[in-house]
Amino acid sequence: MDKIERRSMLKSLGALSLGMATPALAKGEVLASPYAVNHQQVETDILIVGGGTAGVIAAIQAGRAGARTTLIESGSQLGGTTTTGGVAFPGIFHAWGKQIIGGISWELVMDCVQLNGDLLPNFSLLPDRHWKHQVTVNAPLYTLLAEEKCLEAGVDIRYYETPHQIEYQEGKWLVETVGKGTNARISCKQVIDCTGNALIASMAGFDVLREADTQPGSLVFRIGGYDYDALDLSQIPKQYHRVLRQNMLESQVRTSREHSYVPYSYVYVPGADSTTSESHTLANQQGRSTLLQLVRELRSLPGCENLKLQDLKTETAVRETYRIDGVYQLTHQDYVQGKVFEDSLSYSFYPIDLHREGKSIYQEFLKPDVVASIPLRALIPKKSRNFLVAGRCVSSDRLANSALRVQASCMGMGQAAAAAAVLACRQNTTPGEVPIDEVKQLLMEHGAIVPTK
């Protein structure tokens with residue numbers, strides 16, 4: 001089914017929902033032909049799996065560069081960690097007073113900031129805390145703008161679908177998906193796995209890595225109904241001080257350009273894993289159960305009797321699951337030394353940031369003027385053809401990955417992977433064989449900032 005046929009079907013379904021059905025249907029009569037599963041054959045150039053942080057940017061880049069692009073997202077909206085996960089302050093796009101990640105991701109963030117009337121941090125001033133250079137965005141608005149930009153780029157978005165089989169035949173990938181009332185068989189020249197969990201890479205038979213002990217996930221929420229400054233903290237156990245304080249930081253009326261931090265808090269979800277529906281369900285259930293118990297405990301504290309849960313994000317945000325075993329593995333030393341490779345296509349600037357349940361976060365900050373970079377080889381699984389990843393499943397050791405996993409870095413990877421995939425399609429080759437200078441040139445044409453030695 002092509003785009004025109006899909007739009008025609010959606011228009012017909014929309015007419016039914018608006019009461020524009022035929023007289024027979026209007027009378028509530030039984031349909032002569034019951035609704036059946038819709039089996040589809042889809043031809044595309046680039047298939048991107050996962051409409052999260054990296055996948056959105058990859059889809060826009062591929063579409064704008066002229067490739068037929070299909071984006072599969074198992075949920076109902078785009079944005080991933082930024083929207084569904086509630087971490088609505090992507091970063092970091094600047095380092096040491098200079099912008100190091102630009103292009104499509106920065107365009108999307110800036111459109112969101114401007115349309116919401118927000119302020120940017122003053123990037124020329126070095127912050128006393130790295131997070132002060134993260135940029136707060138309105139998450140619902142980000143969702144709308146991400147979808148608009150994808151559609152404007154000609155991207156075929158398929159919500160509520162997930163691959164269940166993938167195989168490589170005669171130079172093309174054949175991917176079978178299942179969704180609500182839909183089965184699709186998608187034929188494509190290139191695949192970009194943006195699931196964050198290397199799920200499609202594993203399904204395709206490529207090796208993936210993970211630690212026995214992974215970082216906890218976070219279920220993000222907002223609370224209110226109390227005055228933090230009026231609380232007698234001596235009557236409240238210290239274990240609750242952070243969550244009460246974080247949610248009352250003044251930030252909605254912003255009078256300073258130092259940063260645009262929005263109050264939020266989270267509960268840790270040990271071992272949170274979003275790889276499969278089963279593991280993701282468990283992560284969400286654990287997070288919600290923990291939060292419900294916390295709300296009950298907080299309301300028993302003096303001064304918090306009227307505490308209310310004001311917002312809860314849809315899913316537990318996951319920090320760490322599987323990574324590919326790539327052509328090159330970025331190491332901790334590569335990262336903290338700011339190594340630039342011949343095939344480096346994007347930057348990353350964030351401290352080593354390893355969350356540990358029951359312990360303080362292990363952080364290691366980059367030295368002045370040091371900025372890490374990501375080579376194309378780290379986005380390519382070993383022994384693969386016509387296959388890339390982007391996002392936190394990048395080939396890297398655990399410490400490097402704890403920094404690479406953040407949003408701006410994943411966005412940069414998404415644009416880089418898409419540029420390589422587009423050129424591979426044009427040249428009828430695999431991404432690792434595309435001249436790297438041509439990939440860099442295409443990225444720069446779309447506003448990206450390419451690493452230089």
# chains A, B, ... in the order shown; residues from 1 in each chain; ligands from 1

call {"tool": "closest_atom_pairs", "arguments": {"of": "segment 280-394 of chain A", "to": "segment 163-180 of chain A", "cutoff": "12 Å", "atoms": "only C-alpha atoms", "output": "tab-separated table"}}
result
residue	atom	partner	partner_atom	distance
A:Ser384	CA	A:Tyr168	CA	10.0
A:Arg385	CA	A:Gly171	CA	8.6
A:Asn386	CA	A:Lys172	CA	8.0
A:Phe387	CA	A:Trp173	CA	9.0

call {"tool": "write_last_selection", "arguments": {"atoms": "N, CA, C and O atoms", "output": "compact mmCIF listing (two decimals), in the first residue's frame"}}
result
# COMPACT_ATOMS: atom_id res chain seq x y z
N SER A 384 28.21 -6.46 9.05
CA SER A 384 26.91 -6.06 8.53
C SER A 384 27.07 -5.36 7.18
O SER A 384 28.15 -4.87 6.84
N ARG A 385 25.99 -5.31 6.43
CA ARG A 385 25.88 -4.53 5.22
C ARG A 385 24.55 -3.79 5.23
O ARG A 385 23.53 -4.34 5.63
N ASN A 386 24.62 -2.55 4.81
CA ASN A 386 23.40 -1.74 4.66
C ASN A 386 22.64 -1.62 5.98
O ASN A 386 21.40 -1.62 6.00
N PHE A 387 23.39 -1.52 7.07
CA PHE A 387 22.78 -1.48 8.40
C PHE A 387 23.56 -0.52 9.29
O PHE A 387 24.80 -0.57 9.34

call {"tool": "select_by_dssp", "arguments": {"residues": "segment 323-452 of chain A", "states": "alpha helix (DSSP H)", "output": "number ranges by chain"}}
result
A: 332-336, 398-404, 407-427, 436-445

call {"tool": "write_last_selection", "arguments": {"atoms": "N, CA and C atoms", "output": "short mmCIF file (atom, residue, chain, number, x, y, z; two decimals), in the first residue's frame"}}
result
data_model
loop_
_atom_site.label_atom_id
_atom_site.label_comp_id
_atom_site.auth_asym_id
_atom_site.auth_seq_id
_atom_site.Cartn_x
_atom_site.Cartn_y
_atom_site.Cartn_z
N HIS A 332 36.29 4.62 26.94
CA HIS A 332 36.31 5.68 27.95
C HIS A 332 37.44 6.67 27.67
N GLN A 333 38.62 6.14 27.35
CA GLN A 333 39.76 7.02 27.08
C GLN A 333 39.56 7.83 25.81
N ASP A 334 38.99 7.23 24.77
CA ASP A 334 38.66 7.99 23.56
C ASP A 334 37.81 9.20 23.93
N TYR A 335 36.84 8.95 24.79
CA TYR A 335 35.86 9.99 25.12
C TYR A 335 36.50 11.12 25.92
N VAL A 336 37.13 10.79 27.03
CA VAL A 336 37.65 11.83 27.92
C VAL A 336 38.85 12.55 27.33
N ARG A 398 31.15 0.80 28.60
CA ARG A 398 30.08 1.27 29.47
C ARG A 398 30.26 2.72 29.91
N LEU A 399 31.47 3.10 30.28
CA LEU A 399 31.69 4.47 30.75
C LEU A 399 31.48 5.48 29.64
N ALA A 400 32.01 5.20 28.46
CA ALA A 400 31.79 6.11 27.34
C ALA A 400 30.30 6.20 27.03
N ASN A 401 29.60 5.08 27.08
CA ASN A 401 28.18 5.07 26.76
C ASN A 401 27.36 5.88 27.75
N SER A 402 27.83 5.97 29.00
CA SER A 402 27.09 6.73 30.01
C SER A 402 27.05 8.21 29.68
N ALA A 403 27.95 8.67 28.82
CA ALA A 403 27.94 10.06 28.36
C ALA A 403 27.31 10.17 26.97
N LEU A 404 27.59 9.21 26.11
CA LEU A 404 27.07 9.25 24.74
C LEU A 404 25.56 9.13 24.67
N GLN A 407 20.70 13.18 24.99
CA GLN A 407 19.90 13.49 23.82
C GLN A 407 20.63 14.17 22.67
N ALA A 408 21.32 15.27 22.94
CA ALA A 408 21.97 15.98 21.83
C ALA A 408 22.96 15.08 21.11
N SER A 409 23.70 14.27 21.86
CA SER A 409 24.66 13.36 21.25
C SER A 409 23.95 12.34 20.37
N CYS A 410 22.81 11.81 20.85
CA CYS A 410 22.05 10.84 20.06
C CYS A 410 21.44 11.49 18.82
N MET A 411 21.02 12.74 18.94
CA MET A 411 20.48 13.46 17.79
C MET A 411 21.54 13.62 16.71
N GLY A 412 22.75 13.99 17.13
CA GLY A 412 23.85 14.13 16.17
C GLY A 412 24.14 12.82 15.47
N MET A 413 24.11 11.72 16.22
CA MET A 413 24.30 10.40 15.61
C MET A 413 23.21 10.09 14.60
N GLY A 414 21.97 10.46 14.93
CA GLY A 414 20.86 10.19 14.03
C GLY A 414 21.04 10.87 12.69
N GLN A 415 21.46 12.13 12.71
CA GLN A 415 21.66 12.85 11.45
C GLN A 415 22.84 12.25 10.68
N ALA A 416 23.90 11.88 11.39
CA ALA A 416 25.08 11.30 10.74
C ALA A 416 24.74 9.96 10.09
N ALA A 417 24.03 9.11 10.82
CA ALA A 417 23.68 7.80 10.28
C ALA A 417 22.80 7.93 9.03
N ALA A 418 21.86 8.86 9.07
CA ALA A 418 20.96 9.04 7.93
C ALA A 418 21.72 9.55 6.71
N ALA A 419 22.65 10.46 6.92
CA ALA A 419 23.44 10.97 5.79
C ALA A 419 24.22 9.85 5.13
N ALA A 420 24.84 8.99 5.94
CA ALA A 420 25.60 7.86 5.39
C ALA A 420 24.68 6.89 4.66
N ALA A 421 23.47 6.66 5.21
CA ALA A 421 22.53 5.75 4.58
C ALA A 421 22.02 6.30 3.24
N VAL A 422 21.77 7.59 3.18
CA VAL A 422 21.30 8.22 1.94
C VAL A 422 22.33 8.05 0.83
N LEU A 423 23.59 8.33 1.14
CA LEU A 423 24.63 8.21 0.13
C LEU A 423 24.87 6.76 -0.27
N ALA A 424 24.72 5.85 0.69
CA ALA A 424 24.86 4.43 0.37
C ALA A 424 23.76 4.00 -0.61
N CYS A 425 22.56 4.53 -0.43
CA CYS A 425 21.48 4.24 -1.37
C CYS A 425 21.81 4.76 -2.76
N ARG A 426 22.27 6.00 -2.81
CA ARG A 426 22.59 6.61 -4.10
C ARG A 426 23.69 5.85 -4.83
N GLN A 427 24.66 5.36 -4.09
CA GLN A 427 25.83 4.73 -4.69
C GLN A 427 25.72 3.21 -4.74
N ILE A 436 34.03 9.16 3.10
CA ILE A 436 33.65 9.90 4.31
C ILE A 436 33.53 11.39 4.04
N ASP A 437 34.32 11.93 3.13
CA ASP A 437 34.23 13.35 2.82
C ASP A 437 32.87 13.70 2.23
N GLU A 438 32.27 12.76 1.49
CA GLU A 438 30.96 13.01 0.92
C GLU A 438 29.88 13.00 2.00
N VAL A 439 30.04 12.15 2.99
CA VAL A 439 29.09 12.15 4.11
C VAL A 439 29.19 13.47 4.86
N LYS A 440 30.40 13.91 5.11
CA LYS A 440 30.59 15.18 5.82
C LYS A 440 29.99 16.34 5.04
N GLN A 441 30.17 16.32 3.73
CA GLN A 441 29.65 17.40 2.91
C GLN A 441 28.12 17.43 2.97
N LEU A 442 27.48 16.28 2.89
CA LEU A 442 26.03 16.24 2.96
C LEU A 442 25.54 16.74 4.32
N LEU A 443 26.22 16.35 5.38
CA LEU A 443 25.85 16.81 6.71
C LEU A 443 25.95 18.33 6.82
N MET A 444 27.02 18.89 6.32
CA MET A 444 27.20 20.34 6.40
C MET A 444 26.15 21.07 5.57
N GLU A 445 25.74 20.47 4.45
CA GLU A 445 24.69 21.09 3.64
C GLU A 445 23.38 21.20 4.41
#

call {"tool": "atom_distance", "arguments": {"atom1": "atom CA of Val406 of chain A", "atom2": "atom CA of Leu309 of chain A"}}
result
26.8 Å

call {"tool": "residues_around", "arguments": {"residues": "Leu291 of chain A", "least_positions_apart": "4", "cutoff": "9 Å", "atoms": "only C-alpha atoms", "output": "ChimeraX atom specification"}}
result
/A:219,221,266-267,286-287,295-296

call {"tool": "closest_residue", "arguments": {"among": "A:Gly80, A:Gly91, A:Gly86, A:Pro216", "to": "Gln134 of chain A", "atoms": "only C-alpha atoms"}}
result
A:Gly91

call {"tool": "atom_distance", "arguments": {"atom1": "atom CA of Arg68 of chain A", "atom2": "atom CA of Thr275 of chain A"}}
result
27.0 Å

call {"tool": "atom_distance", "arguments": {"atom1": "atom CA of Val37 of chain A", "atom2": "atom CA of Leu71 of chain A"}}
result
20.6 Å

call {"tool": "select_by_dssp", "arguments": {"residues": "segment 26-255 of chain A", "states": "strand (DSSP E)", "output": "ChimeraX atom specification"}}
result
/A:38-43,46-49,69-73,94-95,98-99,156-159,161-169,172-179,182-188,190-193,208-209,217-224

call {"tool": "residues_around", "arguments": {"residues": "segment 147-150 of chain A", "least_positions_apart": "6", "cutoff": "12 Å", "atoms": "only C-alpha atoms", "output": "PyMOL selection string"}}
result
chain A and resi 51-52+55-64+68-71+73+76-79+104-105+107-109+111-112+140-141+156-159

call {"tool": "write_last_selection", "arguments": {"atoms": "N, CA and C atoms", "output": "mmCIF file, in the first residue's frame"}}
result
data_model
loop_
_atom_site.group_PDB
_atom_site.id
_atom_site.type_symbol
_atom_site.label_atom_id
_atom_site.label_comp_id
_atom_site.auth_asym_id
_atom_site.auth_seq_id
_atom_site.Cartn_x
_atom_site.Cartn_y
_atom_site.Cartn_z
ATOM 1 N N GLY A 51 11.094 5.955 16.756
ATOM 2 C CA GLY A 51 10.896 7.390 16.535
ATOM 3 C C GLY A 51 11.254 8.224 17.743
ATOM 4 N N GLY A 52 12.309 7.844 18.425
ATOM 5 C CA GLY A 52 12.740 8.576 19.615
ATOM 6 C C GLY A 52 13.758 9.651 19.309
ATOM 7 N N GLY A 55 15.937 8.686 16.198
ATOM 8 C CA GLY A 55 15.154 8.295 15.035
ATOM 9 C C GLY A 55 14.456 9.447 14.348
ATOM 10 N N VAL A 56 13.941 10.397 15.119
ATOM 11 C CA VAL A 56 13.277 11.561 14.535
ATOM 12 C C VAL A 56 14.232 12.337 13.638
ATOM 13 N N ILE A 57 15.427 12.607 14.153
ATOM 14 C CA ILE A 57 16.402 13.397 13.393
ATOM 15 C C ILE A 57 16.870 12.624 12.170
ATOM 16 N N ALA A 58 17.083 11.321 12.315
ATOM 17 C CA ALA A 58 17.498 10.502 11.181
ATOM 18 C C ALA A 58 16.442 10.527 10.087
ATOM 19 N N ALA A 59 15.176 10.436 10.465
ATOM 20 C CA ALA A 59 14.099 10.416 9.485
ATOM 21 C C ALA A 59 14.018 11.731 8.720
ATOM 22 N N ILE A 60 14.103 12.846 9.439
ATOM 23 C CA ILE A 60 14.034 14.155 8.785
ATOM 24 C C ILE A 60 15.201 14.329 7.828
ATOM 25 N N GLN A 61 16.415 13.945 8.267
ATOM 26 C CA GLN A 61 17.586 14.067 7.406
ATOM 27 C C GLN A 61 17.434 13.216 6.148
ATOM 28 N N ALA A 62 17.027 11.975 6.298
ATOM 29 C CA ALA A 62 16.894 11.091 5.148
ATOM 30 C C ALA A 62 15.844 11.615 4.175
ATOM 31 N N GLY A 63 14.710 12.053 4.715
ATOM 32 C CA GLY A 63 13.657 12.562 3.866
ATOM 33 C C GLY A 63 14.058 13.826 3.126
ATOM 34 N N ARG A 64 14.701 14.744 3.826
ATOM 35 C CA ARG A 64 15.120 15.999 3.194
ATOM 36 C C ARG A 64 16.180 15.771 2.125
ATOM 37 N N ARG A 68 13.401 7.901 -0.048
ATOM 38 C CA ARG A 68 12.117 7.402 0.431
ATOM 39 C C ARG A 68 12.351 6.843 1.838
ATOM 40 N N THR A 69 11.650 7.392 2.793
ATOM 41 C CA THR A 69 11.956 7.097 4.193
ATOM 42 C C THR A 69 10.720 6.626 4.930
ATOM 43 N N THR A 70 10.863 5.511 5.627
ATOM 44 C CA THR A 70 9.785 4.971 6.456
ATOM 45 C C THR A 70 10.268 4.929 7.904
ATOM 46 N N LEU A 71 9.437 5.433 8.806
ATOM 47 C CA LEU A 71 9.766 5.485 10.229
ATOM 48 C C LEU A 71 8.743 4.670 11.008
ATOM 49 N N GLU A 73 7.396 3.430 14.659
ATOM 50 C CA GLU A 73 7.395 3.762 16.079
ATOM 51 C C GLU A 73 6.320 2.928 16.778
ATOM 52 N N SER A 76 2.747 5.981 20.298
ATOM 53 C CA SER A 76 1.764 6.858 19.658
ATOM 54 C C SER A 76 2.304 8.218 19.269
ATOM 55 N N GLN A 77 3.563 8.515 19.623
ATOM 56 C CA GLN A 77 4.104 9.832 19.326
ATOM 57 C C GLN A 77 5.618 9.745 19.176
ATOM 58 N N LEU A 78 6.186 10.811 18.619
ATOM 59 C CA LEU A 78 7.625 10.881 18.419
ATOM 60 C C LEU A 78 8.302 11.568 19.606
ATOM 61 N N GLY A 79 9.610 11.415 19.702
ATOM 62 C CA GLY A 79 10.383 12.153 20.699
ATOM 63 C C GLY A 79 11.060 11.309 21.747
ATOM 64 N N ILE A 104 19.761 19.628 12.096
ATOM 65 C CA ILE A 104 18.327 19.395 12.225
ATOM 66 C C ILE A 104 17.880 19.358 13.686
ATOM 67 N N SER A 105 18.680 18.778 14.556
ATOM 68 C CA SER A 105 18.295 18.705 15.970
ATOM 69 C C SER A 105 18.190 20.096 16.581
ATOM 70 N N GLU A 107 17.693 22.882 14.974
ATOM 71 C CA GLU A 107 16.549 23.538 14.332
ATOM 72 C C GLU A 107 15.255 23.174 15.050
ATOM 73 N N LEU A 108 15.078 21.896 15.343
ATOM 74 C CA LEU A 108 13.871 21.438 16.023
ATOM 75 C C LEU A 108 13.768 22.018 17.429
ATOM 76 N N VAL A 109 14.868 21.995 18.160
ATOM 77 C CA VAL A 109 14.884 22.546 19.516
ATOM 78 C C VAL A 109 14.600 24.045 19.489
ATOM 79 N N ASP A 111 13.027 25.842 17.170
ATOM 80 C CA ASP A 111 11.638 26.106 16.800
ATOM 81 C C ASP A 111 10.723 25.919 18.002
ATOM 82 N N CYS A 112 11.026 24.906 18.802
ATOM 83 C CA CYS A 112 10.229 24.635 19.993
ATOM 84 C C CYS A 112 10.388 25.756 21.022
ATOM 85 N N PRO A 140 5.062 18.525 24.814
ATOM 86 C CA PRO A 140 3.971 18.333 23.847
ATOM 87 C C PRO A 140 4.218 19.084 22.539
ATOM 88 N N LEU A 141 4.770 20.291 22.638
ATOM 89 C CA LEU A 141 5.066 21.062 21.435
ATOM 90 C C LEU A 141 6.167 20.399 20.621
ATOM 91 N N ASP A 156 7.209 8.568 5.789
ATOM 92 C CA ASP A 156 6.040 7.723 6.033
ATOM 93 C C ASP A 156 6.135 7.213 7.472
ATOM 94 N N ILE A 157 5.344 7.813 8.365
ATOM 95 C CA ILE A 157 5.366 7.428 9.776
ATOM 96 C C ILE A 157 4.348 6.323 10.011
ATOM 97 N N ARG A 158 4.790 5.261 10.679
ATOM 98 C CA ARG A 158 3.911 4.139 10.989
ATOM 99 C C ARG A 158 3.925 3.914 12.502
ATOM 100 N N TYR A 159 2.933 4.483 13.182
ATOM 101 C CA TYR A 159 2.807 4.295 14.622
ATOM 102 C C TYR A 159 2.223 2.908 14.932
#

call {"tool": "residues_around", "arguments": {"residues": "Tyr328 of chain A", "least_positions_apart": "3", "cutoff": "8 Å", "atoms": "only C-alpha atoms", "output": "list in words"}}
result
Asp325, Arg377, Ala378 and Ser395 of chain A

call {"tool": "closest_atom_pairs", "arguments": {"of": "segment 188-288 of chain A", "to": "segment 351-366 of chain A", "cutoff": "9 Å", "atoms": "only C-alpha atoms", "output": "Markdown table"}}
result
| residue | atom | partner | partner_atom | distance |
| --- | --- | --- | --- | --- |
| A:Thr214 | CA | A:Arg356 | CA | 8.4 |
| A:Gln215 | CA | A:His355 | CA | 5.5 |
| A:Pro216 | CA | A:Glu357 | CA | 6.4 |
| A:Gly217 | CA | A:His355 | CA | 8.9 |
| A:Tyr268 | CA | A:Glu357 | CA | 7.3 |
| A:Val269 | CA | A:Glu357 | CA | 8.5 |
| A:Pro270 | CA | A:Glu357 | CA | 6.7 |

call {"tool": "write_last_selection", "arguments": {"atoms": "N, CA and C atoms", "output": "PDB file, in the first residue's frame"}}
result
ATOM      1  N   THR A 214      23.091  -2.989  35.075  1.00  0.00           N
ATOM      2  CA  THR A 214      22.853  -1.795  34.274  1.00  0.00           C
ATOM      3  C   THR A 214      22.359  -0.645  35.146  1.00  0.00           C
ATOM      4  N   GLN A 215      22.456   0.559  34.611  1.00  0.00           N
ATOM      5  CA  GLN A 215      21.990   1.729  35.336  1.00  0.00           C
ATOM      6  C   GLN A 215      20.473   1.665  35.525  1.00  0.00           C
ATOM      7  N   PRO A 216      19.980   2.195  36.637  1.00  0.00           N
ATOM      8  CA  PRO A 216      18.530   2.226  36.828  1.00  0.00           C
ATOM      9  C   PRO A 216      17.872   3.191  35.851  1.00  0.00           C
ATOM     10  N   GLY A 217      16.614   2.929  35.530  1.00  0.00           N
ATOM     11  CA  GLY A 217      15.832   3.884  34.762  1.00  0.00           C
ATOM     12  C   GLY A 217      15.204   4.897  35.700  1.00  0.00           C
ATOM     13  N   TYR A 268      13.888   6.028  40.896  1.00  0.00           N
ATOM     14  CA  TYR A 268      14.717   5.051  40.212  1.00  0.00           C
ATOM     15  C   TYR A 268      13.952   3.745  39.996  1.00  0.00           C
ATOM     16  N   VAL A 269      14.236   3.114  38.855  1.00  0.00           N
ATOM     17  CA  VAL A 269      13.672   1.808  38.551  1.00  0.00           C
ATOM     18  C   VAL A 269      14.848   0.874  38.269  1.00  0.00           C
ATOM     19  N   PRO A 270      15.291   0.103  39.257  1.00  0.00           N
ATOM     20  CA  PRO A 270      16.470  -0.752  39.072  1.00  0.00           C
ATOM     21  C   PRO A 270      16.291  -1.723  37.910  1.00  0.00           C
TER      22      PRO A 270
END

call {"tool": "closest_residue", "arguments": {"among": "A:Thr452, A:Lys382, A:Gln329, A:Ser33", "to": "Asp207 of chain A", "atoms": "only C-alpha atoms"}}
result
A:Lys382

call {"tool": "residues_around", "arguments": {"residues": "His241 of chain A", "least_positions_apart": "4", "cutoff": "12 Å", "atoms": "only C-alpha atoms", "output": "VMD selection string"}}
result
chain A and resid 228 to 229 231 to 237 245 to 248 265 298 301 304

call {"tool": "write_last_selection", "arguments": {"atoms": "all heavy atoms", "output": "short mmCIF file (atom, residue, chain, number, x, y, z; two decimals), in the first residue's frame"}}
result
data_model
loop_
_atom_site.label_atom_id
_atom_site.label_comp_id
_atom_site.auth_asym_id
_atom_site.auth_seq_id
_atom_site.Cartn_x
_atom_site.Cartn_y
_atom_site.Cartn_z
N TYR A 228 7.66 24.50 49.95
CA TYR A 228 8.93 23.93 50.42
C TYR A 228 9.61 24.83 51.45
O TYR A 228 10.15 24.35 52.45
CB TYR A 228 9.86 23.71 49.23
CG TYR A 228 11.21 23.15 49.62
CD1 TYR A 228 11.36 21.81 49.94
CD2 TYR A 228 12.33 23.98 49.73
CE1 TYR A 228 12.59 21.29 50.33
CE2 TYR A 228 13.57 23.48 50.12
CZ TYR A 228 13.69 22.13 50.42
OH TYR A 228 14.90 21.64 50.82
N ASP A 229 9.58 26.14 51.20
CA ASP A 229 10.27 27.07 52.11
C ASP A 229 9.64 27.09 53.50
O ASP A 229 10.29 27.48 54.48
CB ASP A 229 10.25 28.49 51.52
CG ASP A 229 11.10 28.59 50.27
OD1 ASP A 229 12.08 27.83 50.15
OD2 ASP A 229 10.78 29.43 49.39
N LEU A 231 8.43 24.37 55.00
CA LEU A 231 8.55 23.08 55.64
C LEU A 231 9.58 23.10 56.76
O LEU A 231 10.63 23.76 56.65
CB LEU A 231 8.95 22.01 54.61
CG LEU A 231 7.96 21.70 53.50
CD1 LEU A 231 8.57 20.66 52.55
CD2 LEU A 231 6.63 21.20 54.07
N ASP A 232 9.30 22.39 57.83
CA ASP A 232 10.27 22.19 58.91
C ASP A 232 11.02 20.89 58.58
O ASP A 232 10.58 19.80 58.91
CB ASP A 232 9.55 22.07 60.25
CG ASP A 232 10.53 21.92 61.42
OD1 ASP A 232 11.76 21.81 61.15
OD2 ASP A 232 10.07 21.89 62.56
N LEU A 233 12.17 21.05 57.90
CA LEU A 233 12.91 19.88 57.43
C LEU A 233 13.44 19.01 58.56
O LEU A 233 13.75 17.84 58.35
CB LEU A 233 14.05 20.32 56.52
CG LEU A 233 13.63 21.01 55.21
CD1 LEU A 233 14.87 21.41 54.41
CD2 LEU A 233 12.73 20.09 54.40
N SER A 234 13.54 19.60 59.76
CA SER A 234 14.00 18.79 60.89
C SER A 234 12.98 17.72 61.26
O SER A 234 13.31 16.74 61.93
CB SER A 234 14.28 19.69 62.10
OG SER A 234 13.07 20.26 62.60
N GLN A 235 11.73 17.92 60.83
CA GLN A 235 10.67 16.95 61.11
C GLN A 235 10.46 15.97 59.96
O GLN A 235 9.57 15.12 60.03
CB GLN A 235 9.35 17.70 61.37
CG GLN A 235 9.41 18.67 62.53
CD GLN A 235 9.73 17.98 63.84
OE1 GLN A 235 9.10 16.96 64.18
NE2 GLN A 235 10.69 18.50 64.58
N ILE A 236 11.27 16.13 58.90
CA ILE A 236 11.10 15.29 57.71
C ILE A 236 12.40 14.52 57.46
O ILE A 236 13.48 15.11 57.42
CB ILE A 236 10.78 16.17 56.48
CG1 ILE A 236 9.43 16.88 56.69
CG2 ILE A 236 10.74 15.33 55.19
CD1 ILE A 236 9.07 17.84 55.59
N PRO A 237 12.35 13.21 57.34
CA PRO A 237 13.56 12.42 57.09
C PRO A 237 14.32 12.92 55.86
O PRO A 237 13.72 13.33 54.86
CB PRO A 237 13.01 11.00 56.86
CG PRO A 237 11.71 10.99 57.61
CD PRO A 237 11.15 12.36 57.46
N ARG A 245 12.42 19.34 47.41
CA ARG A 245 13.10 20.56 46.97
C ARG A 245 13.09 20.70 45.46
O ARG A 245 12.80 21.77 44.91
CB ARG A 245 14.54 20.57 47.48
CG ARG A 245 15.34 21.78 46.99
CD ARG A 245 16.79 21.69 47.44
NE ARG A 245 17.43 20.49 46.92
CZ ARG A 245 17.92 20.39 45.69
NH1 ARG A 245 17.83 21.40 44.85
NH2 ARG A 245 18.50 19.27 45.30
N GLN A 246 13.39 19.62 44.73
CA GLN A 246 13.52 19.72 43.28
C GLN A 246 12.23 20.17 42.61
O GLN A 246 12.25 20.88 41.62
CB GLN A 246 13.94 18.37 42.69
CG GLN A 246 15.43 18.11 42.79
CD GLN A 246 15.86 16.95 41.92
OE1 GLN A 246 15.37 15.85 42.08
NE2 GLN A 246 16.78 17.20 41.02
N ASN A 247 11.12 19.78 43.15
CA ASN A 247 9.85 20.12 42.52
C ASN A 247 9.39 21.53 42.83
O ASN A 247 8.40 21.98 42.29
CB ASN A 247 8.77 19.12 42.94
CG ASN A 247 8.81 17.87 42.08
OD1 ASN A 247 8.14 17.80 41.06
ND2 ASN A 247 9.62 16.91 42.48
N MET A 248 10.09 22.23 43.71
CA MET A 248 9.66 23.58 44.05
C MET A 248 10.65 24.65 43.59
O MET A 248 10.53 25.81 43.96
CB MET A 248 9.46 23.69 45.57
CG MET A 248 8.36 22.80 46.11
SD MET A 248 6.75 23.07 45.31
CE MET A 248 6.38 24.72 45.90
N SER A 265 11.10 15.60 39.22
CA SER A 265 11.80 14.61 40.03
C SER A 265 11.55 13.24 39.43
O SER A 265 10.80 13.10 38.47
CB SER A 265 11.36 14.66 41.49
OG SER A 265 12.32 14.00 42.30
N LEU A 298 4.89 10.71 51.34
CA LEU A 298 5.07 12.16 51.39
C LEU A 298 3.86 12.85 52.02
O LEU A 298 4.00 13.82 52.78
CB LEU A 298 5.30 12.70 49.98
CG LEU A 298 6.63 12.34 49.32
CD1 LEU A 298 6.66 12.84 47.88
CD2 LEU A 298 7.82 12.91 50.10
N LEU A 301 3.84 13.40 55.78
CA LEU A 301 4.83 14.28 56.39
C LEU A 301 4.21 15.62 56.77
O LEU A 301 3.31 16.11 56.08
CB LEU A 301 6.00 14.51 55.42
CG LEU A 301 6.72 13.26 54.94
CD1 LEU A 301 7.77 13.62 53.89
CD2 LEU A 301 7.36 12.52 56.11
N CYS A 304 2.96 18.48 54.26
CA CYS A 304 2.74 17.87 52.94
C CYS A 304 1.40 17.15 52.87
O CYS A 304 1.18 16.34 51.97
CB CYS A 304 3.88 16.89 52.63
SG CYS A 304 5.51 17.64 52.54
#
